[in-house]
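*Asks:* First, the structure itself, so that you have it in front of you.
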Amino acid sequence: MTTRLGRISTGSAFEMEMAYSRAVVKGDWCFVSGVTGFDYETMTIPESAEDQTRQIFLTIKSVLTEAAFDMADIVRVQYTITDARHLPIIKPVLAEVFEDIRPAATMIVAGLIDPAMLIEVEVTAFRGT
């Protein structure tokens, strides 16, 4: 197991303002901070919970790829949704993304820092044996 420590940023001003990294790699582990549906290319956030969820997983995949991990390496996921009524809308996306991965998961209903944000997803990935 390696002892390297790497930090990954999406370049958002929010990461700088809040003094955190989008992801931290420690050896065979990658800890991805909570990701919202914000699209860093267009600097917008989609209106629907489904579109936000899809954008979240595009960001997570990009971050994991930069860290030399795969989506299949995800072992834990935590979802925070702002309203339980979003669950039927996002369930098909979650099933599509994690159909073959099946990580340990927790879902919480809570407020997020921006009312436009409907879902936030945090993952942990492990690429060892």
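Chain labels run A, B, ... following the order of the structure tokens; each chain numbers its residues from 1, and ligands are numbered from 1 in the order shown.
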Do you have, as JSON lines, the list of residues of segment 36-80 of chain A lying at most 9 Å from segment 104-128 of chain A, each with its nearest atom pair and that distance in Å to one decimal, counting only C-alpha atoms and ordered by chain then number?
*Replies:*
```
{"residue": "A:Thr36", "atom": "CA", "partner": "A:Glu120", "partner_atom": "CA", "distance": 4.5}
{"residue": "A:Gly37", "atom": "CA", "partner": "A:Met117", "partner_atom": "CA", "distance": 6.9}
{"residue": "A:Phe38", "atom": "CA", "partner": "A:Met117", "partner_atom": "CA", "distance": 8.2}
{"residue": "A:Ile45", "atom": "CA", "partner": "A:Ala116", "partner_atom": "CA", "distance": 7.3}
{"residue": "A:Pro46", "atom": "CA", "partner": "A:Ala116", "partner_atom": "CA", "distance": 8.4}
{"residue": "A:Glu47", "atom": "CA", "partner": "A:Ala116", "partner_atom": "CA", "distance": 7.2}
{"residue": "A:Ser48", "atom": "CA", "partner": "A:Leu118", "partner_atom": "CA", "distance": 8.0}
{"residue": "A:Ala49", "atom": "CA", "partner": "A:Leu118", "partner_atom": "CA", "distance": 5.9}
{"residue": "A:Gln52", "atom": "CA", "partner": "A:Ile119", "partner_atom": "CA", "distance": 7.1}
{"residue": "A:Thr53", "atom": "CA", "partner": "A:Ile119", "partner_atom": "CA", "distance": 6.9}
{"residue": "A:Ile56", "atom": "CA", "partner": "A:Val121", "partner_atom": "CA", "distance": 7.2}
{"residue": "A:Phe57", "atom": "CA", "partner": "A:Val121", "partner_atom": "CA", "distance": 8.5}
{"residue": "A:Ile60", "atom": "CA", "partner": "A:Val123", "partner_atom": "CA", "distance": 8.2}
{"residue": "A:Leu64", "atom": "CA", "partner": "A:Ala125", "partner_atom": "CA", "distance": 8.2}
{"residue": "A:Phe69", "atom": "CA", "partner": "A:Arg127", "partner_atom": "CA", "distance": 6.8}
{"residue": "A:Asp70", "atom": "CA", "partner": "A:Ala125", "partner_atom": "CA", "distance": 8.2}
{"residue": "A:Met71", "atom": "CA", "partner": "A:Ala125", "partner_atom": "CA", "distance": 7.9}
{"residue": "A:Ala72", "atom": "CA", "partner": "A:Ala125", "partner_atom": "CA", "distance": 8.2}
{"residue": "A:Asp73", "atom": "CA", "partner": "A:Ala125", "partner_atom": "CA", "distance": 4.9}
{"residue": "A:Ile74", "atom": "CA", "partner": "A:Ala125", "partner_atom": "CA", "distance": 4.0}
{"residue": "A:Val75", "atom": "CA", "partner": "A:Ala125", "partner_atom": "CA", "distance": 5.4}
{"residue": "A:Arg76", "atom": "CA", "partner": "A:Ala104", "partner_atom": "CA", "distance": 4.7}
{"residue": "A:Val77", "atom": "CA", "partner": "A:Val123", "partner_atom": "CA", "distance": 4.4}
{"residue": "A:Gln78", "atom": "CA", "partner": "A:Thr106", "partner_atom": "CA", "distance": 4.8}
{"residue": "A:Tyr79", "atom": "CA", "partner": "A:Met107", "partner_atom": "CA", "distance": 4.6}
{"residue": "A:Thr80", "atom": "CA", "partner": "A:Ile108", "partner_atom": "CA", "distance": 4.7}
```
*Asks:* Could you find all residues in segment 11-120 of chain A that DSSP calls helix (DSSP H, G or I) from the backbone, and write them as a ChimeraX atom specification?
*Replies:* /A:13-18,49-66,71-73,84-98
*Asks:* Once you have the residues from the selection above, write them out as a PDB file, in the first residue's frame, restricted to C-alpha atoms.
*Replies:*
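Writing the result to out-v9.pdb gives the following:
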```
ATOM      1  CA  ALA A  13     -14.249  29.004  -5.999  1.00  0.00           C
ATOM      2  CA  PHE A  14     -16.340  27.320  -3.333  1.00  0.00           C
ATOM      3  CA  GLU A  15     -13.581  24.765  -2.683  1.00  0.00           C
ATOM      4  CA  MET A  16     -11.141  27.609  -2.095  1.00  0.00           C
ATOM      5  CA  GLU A  17     -13.555  29.611   0.049  1.00  0.00           C
ATOM      6  CA  MET A  18     -14.436  26.622   2.209  1.00  0.00           C
ATOM      7  CA  ALA A  49     -33.396  16.241  -9.270  1.00  0.00           C
ATOM      8  CA  GLU A  50     -32.835  13.705 -12.061  1.00  0.00           C
ATOM      9  CA  ASP A  51     -30.590  16.035 -14.072  1.00  0.00           C
ATOM     10  CA  GLN A  52     -28.696  17.084 -10.952  1.00  0.00           C
ATOM     11  CA  THR A  53     -28.104  13.427 -10.084  1.00  0.00           C
ATOM     12  CA  ARG A  54     -26.812  12.681 -13.574  1.00  0.00           C
ATOM     13  CA  GLN A  55     -24.466  15.687 -13.379  1.00  0.00           C
ATOM     14  CA  ILE A  56     -23.233  14.584  -9.962  1.00  0.00           C
ATOM     15  CA  PHE A  57     -22.135  11.227 -11.333  1.00  0.00           C
ATOM     16  CA  LEU A  58     -20.406  12.861 -14.306  1.00  0.00           C
ATOM     17  CA  THR A  59     -18.396  14.928 -11.823  1.00  0.00           C
ATOM     18  CA  ILE A  60     -17.673  11.936  -9.578  1.00  0.00           C
ATOM     19  CA  LYS A  61     -16.543   9.843 -12.551  1.00  0.00           C
ATOM     20  CA  SER A  62     -14.263  12.660 -13.719  1.00  0.00           C
ATOM     21  CA  VAL A  63     -12.726  13.071 -10.265  1.00  0.00           C
ATOM     22  CA  LEU A  64     -12.189   9.329  -9.840  1.00  0.00           C
ATOM     23  CA  THR A  65     -10.610   9.098 -13.299  1.00  0.00           C
ATOM     24  CA  GLU A  66      -8.216  11.921 -12.437  1.00  0.00           C
ATOM     25  CA  MET A  71     -16.593   3.928 -10.667  1.00  0.00           C
ATOM     26  CA  ALA A  72     -16.428   0.189  -9.882  1.00  0.00           C
ATOM     27  CA  ASP A  73     -14.014   1.045  -7.043  1.00  0.00           C
ATOM     28  CA  ALA A  84     -38.014  12.469   0.228  1.00  0.00           C
ATOM     29  CA  ARG A  85     -40.256  13.091  -2.787  1.00  0.00           C
ATOM     30  CA  HIS A  86     -37.083  13.256  -4.925  1.00  0.00           C
ATOM     31  CA  LEU A  87     -36.379   9.574  -4.280  1.00  0.00           C
ATOM     32  CA  PRO A  88     -38.687   8.117  -6.974  1.00  0.00           C
ATOM     33  CA  ILE A  89     -37.163  10.579  -9.452  1.00  0.00           C
ATOM     34  CA  ILE A  90     -33.522   9.750  -8.700  1.00  0.00           C
ATOM     35  CA  LYS A  91     -33.888   5.994  -8.025  1.00  0.00           C
ATOM     36  CA  PRO A  92     -33.593   5.002 -11.709  1.00  0.00           C
ATOM     37  CA  VAL A  93     -30.369   7.009 -12.044  1.00  0.00           C
ATOM     38  CA  LEU A  94     -28.913   5.440  -8.891  1.00  0.00           C
ATOM     39  CA  ALA A  95     -29.883   1.972 -10.118  1.00  0.00           C
ATOM     40  CA  GLU A  96     -28.262   2.670 -13.481  1.00  0.00           C
ATOM     41  CA  VAL A  97     -25.016   3.928 -11.951  1.00  0.00           C
ATOM     42  CA  PHE A  98     -24.673   1.320  -9.211  1.00  0.00           C
TER      43      PHE A  98
END
```
*Asks:* Using only C-alpha atoms for the distances, tell me which of A:Tyr40, A:Gly27, A:Ser33, A:Ile81 is nearest to Gly11 of chain A.
*Replies:*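 Under the stated criterion, the closest residue is A:Tyr40.
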*Asks:* Between A:Thr129, A:Thr82, A:Ser12, A:Ala23, single out the one closest to Asp39 of chain A, counting only C-alpha atoms.
*Replies:*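 Once distances to Asp39 of chain A are computed over only C-alpha atoms, the minimum belongs to A:Ser12.
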*Asks:* Just how far from atom CA of Arg22 of chain A is atom CA of Ala67 of chain A, in Å to one decimal?
*Replies:*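 Pair atom CA of Ala67 of chain A / atom CA of Arg22 of chain A returns 11.0 Å.
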*Asks:* A:Ser21, A:Cys30, A:Arg102, A:Thr44: which is nearest Ala68 of chain A, counting only C-alpha atoms?
*Replies:*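 Among A:Ser21, A:Cys30, A:Arg102, A:Thr44, it is A:Cys30 that comes nearest to Ala68 of chain A.
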*Asks:* Run DSSP on the backbone and give me the residues of segment 30-103 of chain A it puts in strand (DSSP E), as a list of chain:residue names.
*Replies:* A:Cys30, A:Phe31, A:Val32, A:Ser33, A:Gly34, A:Val35, A:Thr36, A:Ile74, A:Val75, A:Arg76, A:Val77, A:Gln78, A:Tyr79, A:Thr80, A:Ile81
*Asks:* Now that the selection is made, can you save its residues with C-alpha atoms as a compact mmCIF listing (two decimals), in the first residue's frame?
*Replies:*
```txt
# COMPACT_ATOMS: atom_id res chain seq x y z
CA CYS A 30 -10.13 7.96 -2.58
CA PHE A 31 -12.48 10.09 -0.50
CA VAL A 32 -14.72 12.26 -2.67
CA SER A 33 -16.38 15.21 -0.92
CA GLY A 34 -20.09 15.83 -1.28
CA VAL A 35 -20.83 16.61 -4.92
CA THR A 36 -23.89 18.59 -5.98
CA ILE A 74 -16.77 2.85 -5.10
CA VAL A 75 -17.38 0.99 -1.84
CA ARG A 76 -19.50 3.53 0.04
CA VAL A 77 -21.96 6.24 -0.94
CA GLN A 78 -23.88 8.76 1.11
CA TYR A 79 -26.81 10.59 -0.41
CA THR A 80 -28.32 13.75 1.01
CA ILE A 81 -31.60 14.75 -0.59
```
*Asks:* Using atom CA of Met43 of chain A and atom CA of Trp29 of chain A as the two end points, give the distance in Å to one decimal.
*Replies:*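 Computing it gives 29.0 Å between the two atoms.
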